[in-house]
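Chemist: What follows is query-v1.pdb, made up of PDB, C-alpha atoms:
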ATOM      1  CA  MET A   1      68.396 103.235  94.291
ATOM      2  CA  THR A   2      71.763 104.875  93.494
ATOM      3  CA  SER A   3      74.891 102.879  92.669
ATOM      4  CA  LYS A   4      76.510 103.807  96.000
ATOM      5  CA  GLN A   5      73.456 102.644  97.985
ATOM      6  CA  ARG A   6      73.466  99.396  96.022
ATOM      7  CA  GLN A   7      77.165  98.877  96.853
ATOM      8  CA  ILE A   8      76.522  99.503 100.563
ATOM      9  CA  LEU A   9      73.589  97.083 100.503
ATOM     10  CA  LEU A  10      75.742  94.470  98.738
ATOM     11  CA  GLY A  11      78.585  94.824 101.260
ATOM     12  CA  ALA A  12      76.390  95.047 104.377
ATOM     13  CA  PRO A  13      76.214  91.250 105.076
ATOM     14  CA  LEU A  14      80.035  91.227 105.389
ATOM     15  CA  ALA A  15      79.718  93.375 108.517
ATOM     16  CA  ILE A  16      76.285  92.306 109.784
ATOM     17  CA  VAL A  17      76.756  88.489 109.760
ATOM     18  CA  PRO A  18      79.980  88.401 111.885
ATOM     19  CA  VAL A  19      78.596  91.007 114.328
ATOM     20  CA  VAL A  20      75.346  89.037 114.765
ATOM     21  CA  PHE A  21      77.291  85.790 115.253
ATOM     22  CA  LEU A  22      79.640  87.370 117.818
ATOM     23  CA  SER A  23      76.616  88.751 119.700
ATOM     24  CA  VAL A  24      74.784  85.422 119.894
ATOM     25  CA  ALA A  25      77.908  83.219 120.334
ATOM     26  CA  PRO A  26      77.891  83.216 124.188
ATOM     27  CA  TRP A  27      74.174  82.315 124.267
ATOM     28  CA  LEU A  28      74.695  79.694 121.533
ATOM     29  CA  LYS A  29      77.582  78.156 123.482
ATOM     30  CA  SER A  30      75.481  77.744 126.621
ATOM     31  CA  ALA A  31      72.454  76.488 124.654
ATOM     32  CA  VAL A  32      73.971  73.971 122.193
ATOM     33  CA  GLY A  33      77.535  73.437 123.491
ATOM     34  CA  GLY A  34      81.031  74.416 122.371
ATOM     35  CA  THR A  35      81.437  71.898 119.525
ATOM     36  CA  VAL A  36      78.266  72.922 117.682
ATOM     37  CA  THR A  37      79.182  76.605 118.183
ATOM     38  CA  THR A  38      82.609  75.925 116.627
ATOM     39  CA  TRP A  39      80.919  74.323 113.598
ATOM     40  CA  VAL A  40      78.524  77.272 113.293
ATOM     41  CA  ALA A  41      81.554  79.632 113.522
ATOM     42  CA  ALA A  42      83.275  77.665 110.744
ATOM     43  CA  ALA A  43      80.152  77.852 108.561
ATOM     44  CA  VAL A  44      79.804  81.605 109.222
ATOM     45  CA  SER A  45      83.506  82.176 108.322
ATOM     46  CA  ALA A  46      83.137  80.141 105.119
ATOM     47  CA  PHE A  47      79.997  82.099 104.178
ATOM     48  CA  VAL A  48      81.703  85.466 104.825
ATOM     49  CA  MET A  49      84.766  84.442 102.760
ATOM     50  CA  PHE A  50      82.728  83.271  99.769
ATOM     51  CA  TYR A  51      80.375  86.245  99.976
ATOM     52  CA  ALA A  52      83.384  88.616 100.043
ATOM     53  CA  TRP A  53      84.600  86.867  96.919
ATOM     54  CA  TYR A  54      81.213  87.306  95.246
ATOM     55  CA  VAL A  55      81.191  91.027  96.170
ATOM     56  CA  ALA A  56      84.740  91.448  94.778
ATOM     57  CA  LEU A  57      83.735  89.689  91.539
ATOM     58  CA  SER A  58      80.616  91.786  91.020
ATOM     59  CA  MET A  59      82.510  95.016  91.792
ATOM     60  CA  GLN A  60      85.316  94.190  89.358
ATOM     61  CA  ARG A  61      82.831  93.763  86.533
ATOM     62  CA  ARG A  62      81.981  97.444  86.796
ATOM     63  CA  LEU A  63      85.607  98.665  86.602
ATOM     64  CA  ASP A  64      86.904 100.359  83.471
ATOM     65  CA  GLU A  65      90.235  99.478  81.852
ATOM     66  CA  VAL A  66      92.331 101.969  83.845
ATOM     67  CA  GLN A  67      90.770 100.983  87.183
ATOM     68  CA  ARG A  68      91.323  97.304  86.342
ATOM     69  CA  ALA A  69      95.000  97.974  85.561
ATOM     70  CA  GLY A  70      95.326  99.685  88.957
ATOM     71  CA  ALA A  71      93.706  96.741  90.729
ATOM     72  CA  ASP A  72      96.006  94.282  88.917
ATOM     73  CA  TYR A  73      99.089  96.305  89.886
ATOM     74  CA  ALA A  74      97.928  96.458  93.516
ATOM     75  CA  ALA A  75      97.207  92.721  93.630
ATOM     76  CA  LYS A  76     100.588  91.840  92.140
ATOM     77  CA  TRP A  77     102.880  94.088  94.207
ATOM     78  CA  GLY A  78     100.807  94.839  97.306
ATOM     79  CA  VAL A  79     100.401  91.181  98.203
ATOM     80  CA  THR A  80     104.133  90.488  97.834
ATOM     81  CA  ALA A  81     105.002  93.602  99.862
ATOM     82  CA  GLY A  82     102.597  92.438 102.602
ATOM     83  CA  GLN A  83     104.224  89.001 102.766
ATOM     84  CA  ILE A  84     107.723  90.483 103.048
ATOM     85  CA  ALA A  85     106.552  93.039 105.634
ATOM     86  CA  PHE A  86     105.181  90.241 107.841
ATOM     87  CA  PHE A  87     108.447  88.271 107.814
ATOM     88  CA  VAL A  88     110.464  91.457 108.480
ATOM     89  CA  LEU A  89     108.100  92.180 111.402
ATOM     90  CA  LEU A  90     108.627  88.645 112.753
ATOM     91  CA  ALA A  91     112.391  89.262 112.853
ATOM     92  CA  LEU A  92     112.075  92.440 114.972
ATOM     93  CA  PRO A  93     112.599  91.904 118.748
ATOM     94  CA  PRO A  94     109.948  94.489 119.873
ATOM     95  CA  PHE A  95     107.305  92.639 117.828
ATOM     96  CA  GLN A  96     108.523  89.296 119.204
ATOM     97  CA  ASN A  97     108.216  90.630 122.766
ATOM     98  CA  LEU A  98     104.737  91.965 122.012
ATOM     99  CA  VAL A  99     103.350  88.644 120.758
ATOM    100  CA  GLY A 100     105.012  86.794 123.652
ATOM    101  CA  GLU A 101     103.290  89.116 126.137
ATOM    102  CA  LEU A 102     100.004  89.009 124.241
ATOM    103  CA  VAL A 103      99.740  85.215 124.432
ATOM    104  CA  ASN A 104     101.564  85.039 127.785
ATOM    105  CA  GLN A 105     103.806  82.199 126.596
ATOM    106  CA  PRO A 106     107.537  81.807 125.762
ATOM    107  CA  ARG A 107     108.004  83.883 122.621
ATOM    108  CA  GLY A 108     110.002  81.208 120.756
ATOM    109  CA  LYS A 109     107.041  78.830 120.704
ATOM    110  CA  VAL A 110     104.589  81.540 119.626
ATOM    111  CA  LEU A 111     106.904  82.807 116.884
ATOM    112  CA  LEU A 112     107.345  79.291 115.558
ATOM    113  CA  GLY A 113     103.568  78.856 115.410
ATOM    114  CA  MET A 114     103.178  82.197 113.630
ATOM    115  CA  THR A 115     105.881  81.237 111.146
ATOM    116  CA  ILE A 116     104.087  77.936 110.412
ATOM    117  CA  GLY A 117     100.839  79.863 109.806
ATOM    118  CA  ALA A 118     102.490  82.484 107.612
ATOM    119  CA  VAL A 119     104.516  79.991 105.560
ATOM    120  CA  GLY A 120     101.386  77.833 105.149
ATOM    121  CA  VAL A 121      99.398  80.731 103.679
ATOM    122  CA  VAL A 122     102.232  81.846 101.403
ATOM    123  CA  LEU A 123     102.712  78.270 100.172
ATOM    124  CA  LEU A 124      98.998  77.812  99.455
ATOM    125  CA  GLN A 125      98.892  81.198  97.736
ATOM    126  CA  ALA A 126     101.778  80.146  95.490
ATOM    127  CA  ILE A 127      99.899  76.932  94.614
ATOM    128  CA  GLY A 128      96.715  78.989  94.082
ATOM    129  CA  THR A 129      98.574  81.300  91.697
ATOM    130  CA  VAL A 130      99.837  78.362  89.644
ATOM    131  CA  VAL A 131      96.311  76.846  89.509
ATOM    132  CA  ALA A 132      94.754  80.212  88.495
ATOM    133  CA  HIS A 133      97.409  80.590  85.777
ATOM    134  CA  LEU A 134      96.667  77.125  84.419
ATOM    135  CA  LEU A 135      92.911  77.842  84.460
ATOM    136  CA  TRP A 136      93.476  81.107  82.579
ATOM    137  CA  TRP A 137      95.489  79.348  79.859
ATOM    138  CA  ARG A 138      92.885  76.566  79.576
ATOM    139  CA  ALA A 139      90.086  79.123  79.169
ATOM    140  CA  ARG A 140      92.103  80.918  76.479
ATOM    141  CA  ARG A 141      92.600  77.825  74.322
TER
ATOM    142  CA  MET B   1     116.895  76.342  96.322
ATOM    143  CA  ILE B   2     120.614  75.896  97.056
ATOM    144  CA  VAL B   3     120.881  78.584  99.763
ATOM    145  CA  PRO B   4     118.019  77.311 102.004
ATOM    146  CA  ALA B   5     119.166  73.683 101.534
ATOM    147  CA  LEU B   6     122.717  74.664 102.488
ATOM    148  CA  PHE B   7     121.503  76.562 105.538
ATOM    149  CA  LEU B   8     119.296  73.692 106.717
ATOM    150  CA  THR B   9     122.295  71.370 106.408
ATOM    151  CA  VAL B  10     124.679  73.534 108.439
ATOM    152  CA  ALA B  11     122.075  74.856 110.928
ATOM    153  CA  PRO B  12     122.643  72.168 113.637
ATOM    154  CA  TRP B  13     126.411  72.720 113.517
ATOM    155  CA  LEU B  14     125.911  76.506 113.523
ATOM    156  CA  LYS B  15     123.621  76.253 116.571
ATOM    157  CA  THR B  16     126.260  74.427 118.620
ATOM    158  CA  ALA B  17     129.098  76.665 117.383
ATOM    159  CA  ILE B  18     127.631  80.176 117.780
ATOM    160  CA  GLY B  19     124.428  79.640 119.787
ATOM    161  CA  GLY B  20     120.692  79.632 119.070
ATOM    162  CA  GLY B  21     120.213  83.422 119.091
ATOM    163  CA  MET B  22     122.807  84.081 116.401
ATOM    164  CA  THR B  23     121.512  81.170 114.304
ATOM    165  CA  SER B  24     117.991  82.646 114.446
ATOM    166  CA  LEU B  25     119.327  86.007 113.281
ATOM    167  CA  ILE B  26     121.231  84.373 110.409
ATOM    168  CA  ALA B  27     118.078  82.419 109.489
ATOM    169  CA  ALA B  28     116.034  85.664 109.415
ATOM    170  CA  GLY B  29     118.674  87.423 107.278
ATOM    171  CA  LEU B  30     118.854  84.474 104.926
ATOM    172  CA  ALA B  31     115.060  84.254 104.604
ATOM    173  CA  MET B  32     114.906  87.946 103.713
ATOM    174  CA  SER B  33     117.686  87.690 101.140
ATOM    175  CA  VAL B  34     115.968  84.663  99.525
ATOM    176  CA  MET B  35     112.686  86.638  99.360
ATOM    177  CA  ALA B  36     114.404  89.703  97.880
ATOM    178  CA  TYR B  37     116.228  87.527  95.334
ATOM    179  CA  SER B  38     112.938  85.841  94.326
ATOM    180  CA  LEU B  39     111.430  89.296  93.823
ATOM    181  CA  TYR B  40     114.386  90.298  91.644
ATOM    182  CA  LEU B  41     114.012  87.096  89.597
ATOM    183  CA  SER B  42     110.284  87.743  89.093
ATOM    184  CA  PHE B  43     111.089  91.331  87.963
ATOM    185  CA  ARG B  44     113.548  89.947  85.423
ATOM    186  CA  ALA B  45     111.202  87.231  84.197
ATOM    187  CA  GLN B  46     108.368  89.729  83.684
ATOM    188  CA  HIS B  47     110.463  91.873  81.355
ATOM    189  CA  CYS B  48     110.539  89.049  78.813
ATOM    190  CA  LEU B  49     106.762  88.391  78.838
ATOM    191  CA  ASP B  50     104.450  89.420  75.984
ATOM    192  CA  GLU B  51     101.044  91.056  76.500
ATOM    193  CA  VAL B  52      99.061  87.809  76.676
ATOM    194  CA  GLN B  53     101.482  86.216  79.139
ATOM    195  CA  LEU B  54     101.368  89.376  81.283
ATOM    196  CA  ALA B  55      97.558  89.267  81.326
ATOM    197  CA  GLY B  56      97.741  85.618  82.452
ATOM    198  CA  GLY B  57     100.195  86.512  85.196
ATOM    199  CA  GLN B  58      97.987  89.346  86.425
ATOM    200  CA  PHE B  59      94.900  87.113  86.481
ATOM    201  CA  ALA B  60      96.843  84.455  88.414
ATOM    202  CA  ALA B  61      98.207  87.027  90.907
ATOM    203  CA  ARG B  62      94.746  88.525  91.458
ATOM    204  CA  TRP B  63      92.855  85.277  92.056
ATOM    205  CA  GLY B  64      95.604  82.899  93.198
ATOM    206  CA  MET B  65      96.266  84.864  96.390
ATOM    207  CA  GLY B  66      92.577  84.788  97.319
ATOM    208  CA  ILE B  67      92.318  81.073  96.544
ATOM    209  CA  GLY B  68      95.366  80.369  98.732
ATOM    210  CA  ALA B  69      94.046  82.346 101.706
ATOM    211  CA  VAL B  70      90.606  80.694 101.485
ATOM    212  CA  ALA B  71      92.251  77.251 101.127
ATOM    213  CA  PHE B  72      94.250  77.853 104.312
ATOM    214  CA  ALA B  73      91.129  78.968 106.188
ATOM    215  CA  MET B  74      89.260  75.852 104.993
ATOM    216  CA  LEU B  75      92.220  73.658 105.946
ATOM    217  CA  SER B  76      92.248  75.162 109.423
ATOM    218  CA  MET B  77      88.718  73.834 109.977
ATOM    219  CA  LEU B  78      89.952  70.235 109.672
ATOM    220  CA  PRO B  79      91.187  68.562 112.903
ATOM    221  CA  PRO B  80      93.997  66.564 111.114
ATOM    222  CA  PHE B  81      95.563  69.875 110.074
ATOM    223  CA  TRP B  82      95.876  70.892 113.728
ATOM    224  CA  ASP B  83      97.282  67.483 114.672
ATOM    225  CA  PHE B  84      99.942  67.987 111.992
ATOM    226  CA  ALA B  85     100.676  71.599 113.076
ATOM    227  CA  ALA B  86     100.913  70.562 116.730
ATOM    228  CA  ALA B  87     103.291  67.696 115.928
ATOM    229  CA  LEU B  88     105.428  70.010 113.780
ATOM    230  CA  LEU B  89     105.610  72.700 116.438
ATOM    231  CA  ARG B  90     106.228  70.332 119.360
ATOM    232  CA  ASP B  91     108.989  68.679 117.378
ATOM    233  CA  ALA B  92     110.632  71.931 116.248
ATOM    234  CA  ALA B  93     110.320  73.688 119.614
ATOM    235  CA  ASP B  94     111.398  70.580 121.539
ATOM    236  CA  ASP B  95     108.382  71.080 123.775
ATOM    237  CA  SER B  96     106.054  68.097 124.035
ATOM    238  CA  GLY B  97     103.805  69.945 126.505
ATOM    239  CA  ALA B  98     102.842  72.840 124.225
ATOM    240  CA  SER B  99      99.070  73.230 124.576
ATOM    241  CA  ARG B 100      96.867  72.871 121.499
ATOM    242  CA  ARG B 101      95.099  76.169 122.257
ATOM    243  CA  ILE B 102      98.374  78.124 122.124
ATOM    244  CA  ILE B 103      99.409  76.359 118.900
ATOM    245  CA  ILE B 104      96.082  77.219 117.215
ATOM    246  CA  LEU B 105      96.322  80.809 118.442
ATOM    247  CA  ALA B 106      99.914  81.245 117.201
ATOM    248  CA  VAL B 107      99.259  79.693 113.771
ATOM    249  CA  MET B 108      96.104  81.790 113.312
ATOM    250  CA  PHE B 109      98.076  84.913 114.338
ATOM    251  CA  GLY B 110     100.546  84.078 111.557
ATOM    252  CA  PHE B 111      97.767  83.530 109.024
ATOM    253  CA  GLY B 112      95.855  86.667 110.055
ATOM    254  CA  GLY B 113      99.020  88.776 110.142
ATOM    255  CA  VAL B 114      99.972  87.871 106.579
ATOM    256  CA  VAL B 115      96.456  88.449 105.204
ATOM    257  CA  ILE B 116      96.056  91.804 107.010
ATOM    258  CA  LEU B 117      99.472  93.066 105.833
ATOM    259  CA  GLN B 118      98.695  91.891 102.283
ATOM    260  CA  THR B 119      95.456  93.891 102.335
ATOM    261  CA  ILE B 120      97.300  96.986 103.619
ATOM    262  CA  GLY B 121     100.014  96.410 100.972
ATOM    263  CA  MET B 122      97.328  96.285  98.261
ATOM    264  CA  PHE B 123      95.847  99.603  99.404
ATOM    265  CA  VAL B 124      99.282 101.241  99.471
ATOM    266  CA  ALA B 125     100.221  99.842  96.033
ATOM    267  CA  LYS B 126      96.912 101.069  94.592
ATOM    268  CA  LEU B 127      97.442 104.564  96.025
ATOM    269  CA  MET B 128     100.977 104.619  94.622
ATOM    270  CA  TRP B 129      99.702 103.520  91.210
ATOM    271  CA  TRP B 130      97.089 106.299  91.108
ATOM    272  CA  ARG B 131      99.635 108.889  92.295
ATOM    273  CA  ALA B 132     102.072 107.848  89.553
ATOM    274  CA  ARG B 133      99.258 108.130  86.969
ATOM    275  CA  ARG B 134      98.369 111.740  87.908
TER
END
As structure tokens - that is how I would like this structure written.
Modeler:
Amino acid sequence: MTSKQRQILLGAPLAIVPVVFLSVAPWLKSAVGGTVTTWVAAAVSAFVMFYAWYVALSMQRRLDEVQRAGADYAAKWGVTAGQIAFFVLLALPPFQNLVGELVNQPRGKVLLGMTIGAVGVVLLQAIGTVVAHLLWWRARR
Amino acid sequence: MIVPALFLTVAPWLKTAIGGGMTSLIAAGLAMSVMAYSLYLSFRAQHCLDEVQLAGGQFAARWGMGIGAVAFAMLSMLPPFWDFAAALLRDAADDSGASRRIIILAVMFGFGGVVILQTIGMFVAKLMWWRARR
């Protein structure tokens, strides 16, 4: 088995598991009820997130020094640029109109909800960064 | 810290004096300037770091963002989180009838939007890094 085939095989569950769940979700809902389906959805999401993490970890082990420097640069600046881009997008009236129409609700309420979600993630990411930094220093000592 | 605190203090007065629309625009402008200033501060702080400190910062940036996103997703599975979000939104929007479904949808749109744009930002930054190397 070549390295590329192994990578595809490793990443395949990330696509297969959500697709299978989405296909069986309507049947599951009628068979076991909405609450159990929600719990199964939560378990599937948690599995996909942790598996994606495992795939990222195993892929990063194979990177050389230059590739690792590129990944570090992308993680540091790309993530910040994405955060700023989202808040700039939230301030643009065409985007505000679009989300209002999409949810079919007054746009002020929807935008407020989106801001709470976005600020929540950014806040938890900041806390996560501090925790990762502390862990790194502890491992070094 | 001072600028957001100052804005939050004068916001109610500003809303009655110049209207809600203008106050929202000022809030957006202020939020952007605070973000840009934080970026400038982080640029400045990184100039003074040695190699080991830089490596620590890069490790934290790489894993901290993932930890934060996963933590938010895990938090969103807990019903008390949605009670808190609903209370916050109903209070801020002055709308006690806002349905829970819409609140969940809006908050998840915000979460998904940030994560998707961060992923796109990472791809773009990586491409730029490789272009600058060649």
Chemist: Atom CA of B:Ala87 to atom CA of A:Ala91: how many Å, to one decimal?
Modeler: 23.6 Å
Chemist: I would like the residues chosen by the PyMOL selection byres ((chain B and resi 105) around 12) on the shown file; could you give them as a PDB file with C-alpha atoms, in the coordinates of the input?
Modeler:
ATOM      1  CA  VAL A  99     103.350  88.644 120.758  1.00  0.00           C
ATOM      2  CA  GLY A 100     105.012  86.794 123.652  1.00  0.00           C
ATOM      3  CA  LEU A 102     100.004  89.009 124.241  1.00  0.00           C
ATOM      4  CA  VAL A 103      99.740  85.215 124.432  1.00  0.00           C
ATOM      5  CA  ASN A 104     101.564  85.039 127.785  1.00  0.00           C
ATOM      6  CA  GLN A 105     103.806  82.199 126.596  1.00  0.00           C
ATOM      7  CA  LYS A 109     107.041  78.830 120.704  1.00  0.00           C
ATOM      8  CA  VAL A 110     104.589  81.540 119.626  1.00  0.00           C
ATOM      9  CA  LEU A 111     106.904  82.807 116.884  1.00  0.00           C
ATOM     10  CA  LEU A 112     107.345  79.291 115.558  1.00  0.00           C
ATOM     11  CA  GLY A 113     103.568  78.856 115.410  1.00  0.00           C
ATOM     12  CA  MET A 114     103.178  82.197 113.630  1.00  0.00           C
ATOM     13  CA  ILE A 116     104.087  77.936 110.412  1.00  0.00           C
ATOM     14  CA  GLY A 117     100.839  79.863 109.806  1.00  0.00           C
TER      15      GLY A 117
ATOM     16  CA  SER B  76      92.248  75.162 109.423  1.00  0.00           C
ATOM     17  CA  TRP B  82      95.876  70.892 113.728  1.00  0.00           C
ATOM     18  CA  ALA B  85     100.676  71.599 113.076  1.00  0.00           C
ATOM     19  CA  ALA B  86     100.913  70.562 116.730  1.00  0.00           C
ATOM     20  CA  ALA B  98     102.842  72.840 124.225  1.00  0.00           C
ATOM     21  CA  SER B  99      99.070  73.230 124.576  1.00  0.00           C
ATOM     22  CA  ARG B 100      96.867  72.871 121.499  1.00  0.00           C
ATOM     23  CA  ARG B 101      95.099  76.169 122.257  1.00  0.00           C
ATOM     24  CA  ILE B 102      98.374  78.124 122.124  1.00  0.00           C
ATOM     25  CA  ILE B 103      99.409  76.359 118.900  1.00  0.00           C
ATOM     26  CA  ILE B 104      96.082  77.219 117.215  1.00  0.00           C
ATOM     27  CA  ALA B 106      99.914  81.245 117.201  1.00  0.00           C
ATOM     28  CA  VAL B 107      99.259  79.693 113.771  1.00  0.00           C
ATOM     29  CA  MET B 108      96.104  81.790 113.312  1.00  0.00           C
ATOM     30  CA  PHE B 109      98.076  84.913 114.338  1.00  0.00           C
ATOM     31  CA  GLY B 110     100.546  84.078 111.557  1.00  0.00           C
ATOM     32  CA  PHE B 111      97.767  83.530 109.024  1.00  0.00           C
ATOM     33  CA  GLY B 112      95.855  86.667 110.055  1.00  0.00           C
ATOM     34  CA  GLY B 113      99.020  88.776 110.142  1.00  0.00           C
TER      35      GLY B 113
END
Chemist: For B:Ala71, work out the shell of residues within 9 Å, counting all atoms listed in the file and skipping chain neighbours fewer than 2 positions away, then give it as a list in words.
Modeler: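 Near B:Ala71, the qualifying residues are Val121, Leu124, Gln125 and Gly128 of chain A; Gly66, Ile67, Gly68, Ala69, Ala73, Met74, Leu75 and Ser76 of chain B.
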Chemist: I need the residue nearest chain A from this list: B:Gly56, B:Gly97, B:Gly19, B:Pro80. Use only C-alpha atoms for the distance.
Modeler: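 For chain A, the nearest of the given residues is B:Gly56.
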Chemist: Convert the output of the ChimeraX specification (/B :<8) & /A on the shown file into explicit residues, formatted as an mmCIF file with C-alpha atoms, in the frame of the given file.
Modeler:
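Full text of selection-v9.cif as output:
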data_model
loop_
_atom_site.group_PDB
_atom_site.id
_atom_site.type_symbol
_atom_site.label_atom_id
_atom_site.label_comp_id
_atom_site.auth_asym_id
_atom_site.auth_seq_id
_atom_site.Cartn_x
_atom_site.Cartn_y
_atom_site.Cartn_z
ATOM 1 C CA ALA A 42 83.275 77.665 110.744
ATOM 2 C CA ALA A 46 83.137 80.141 105.119
ATOM 3 C CA MET A 49 84.766 84.442 102.760
ATOM 4 C CA GLY A 70 95.326 99.685 88.957
ATOM 5 C CA ALA A 71 93.706 96.741 90.729
ATOM 6 C CA ASP A 72 96.006 94.282 88.917
ATOM 7 C CA TYR A 73 99.089 96.305 89.886
ATOM 8 C CA ALA A 74 97.928 96.458 93.516
ATOM 9 C CA ALA A 75 97.207 92.721 93.630
ATOM 10 C CA LYS A 76 100.588 91.840 92.140
ATOM 11 C CA TRP A 77 102.880 94.088 94.207
ATOM 12 C CA GLY A 78 100.807 94.839 97.306
ATOM 13 C CA VAL A 79 100.401 91.181 98.203
ATOM 14 C CA THR A 80 104.133 90.488 97.834
ATOM 15 C CA ALA A 81 105.002 93.602 99.862
ATOM 16 C CA GLY A 82 102.597 92.438 102.602
ATOM 17 C CA GLN A 83 104.224 89.001 102.766
ATOM 18 C CA ILE A 84 107.723 90.483 103.048
ATOM 19 C CA ALA A 85 106.552 93.039 105.634
ATOM 20 C CA PHE A 86 105.181 90.241 107.841
ATOM 21 C CA PHE A 87 108.447 88.271 107.814
ATOM 22 C CA VAL A 88 110.464 91.457 108.480
ATOM 23 C CA ALA A 91 112.391 89.262 112.853
ATOM 24 C CA VAL A 103 99.740 85.215 124.432
ATOM 25 C CA GLY A 108 110.002 81.208 120.756
ATOM 26 C CA LYS A 109 107.041 78.830 120.704
ATOM 27 C CA VAL A 110 104.589 81.540 119.626
ATOM 28 C CA LEU A 111 106.904 82.807 116.884
ATOM 29 C CA LEU A 112 107.345 79.291 115.558
ATOM 30 C CA GLY A 113 103.568 78.856 115.410
ATOM 31 C CA MET A 114 103.178 82.197 113.630
ATOM 32 C CA THR A 115 105.881 81.237 111.146
ATOM 33 C CA ILE A 116 104.087 77.936 110.412
ATOM 34 C CA GLY A 117 100.839 79.863 109.806
ATOM 35 C CA ALA A 118 102.490 82.484 107.612
ATOM 36 C CA GLY A 120 101.386 77.833 105.149
ATOM 37 C CA VAL A 121 99.398 80.731 103.679
ATOM 38 C CA VAL A 122 102.232 81.846 101.403
ATOM 39 C CA LEU A 123 102.712 78.270 100.172
ATOM 40 C CA LEU A 124 98.998 77.812 99.455
ATOM 41 C CA GLN A 125 98.892 81.198 97.736
ATOM 42 C CA ALA A 126 101.778 80.146 95.490
ATOM 43 C CA ILE A 127 99.899 76.932 94.614
ATOM 44 C CA GLY A 128 96.715 78.989 94.082
ATOM 45 C CA THR A 129 98.574 81.300 91.697
ATOM 46 C CA VAL A 130 99.837 78.362 89.644
ATOM 47 C CA VAL A 131 96.311 76.846 89.509
ATOM 48 C CA ALA A 132 94.754 80.212 88.495
ATOM 49 C CA HIS A 133 97.409 80.590 85.777
ATOM 50 C CA TRP A 136 93.476 81.107 82.579
ATOM 51 C CA TRP A 137 95.489 79.348 79.859
#
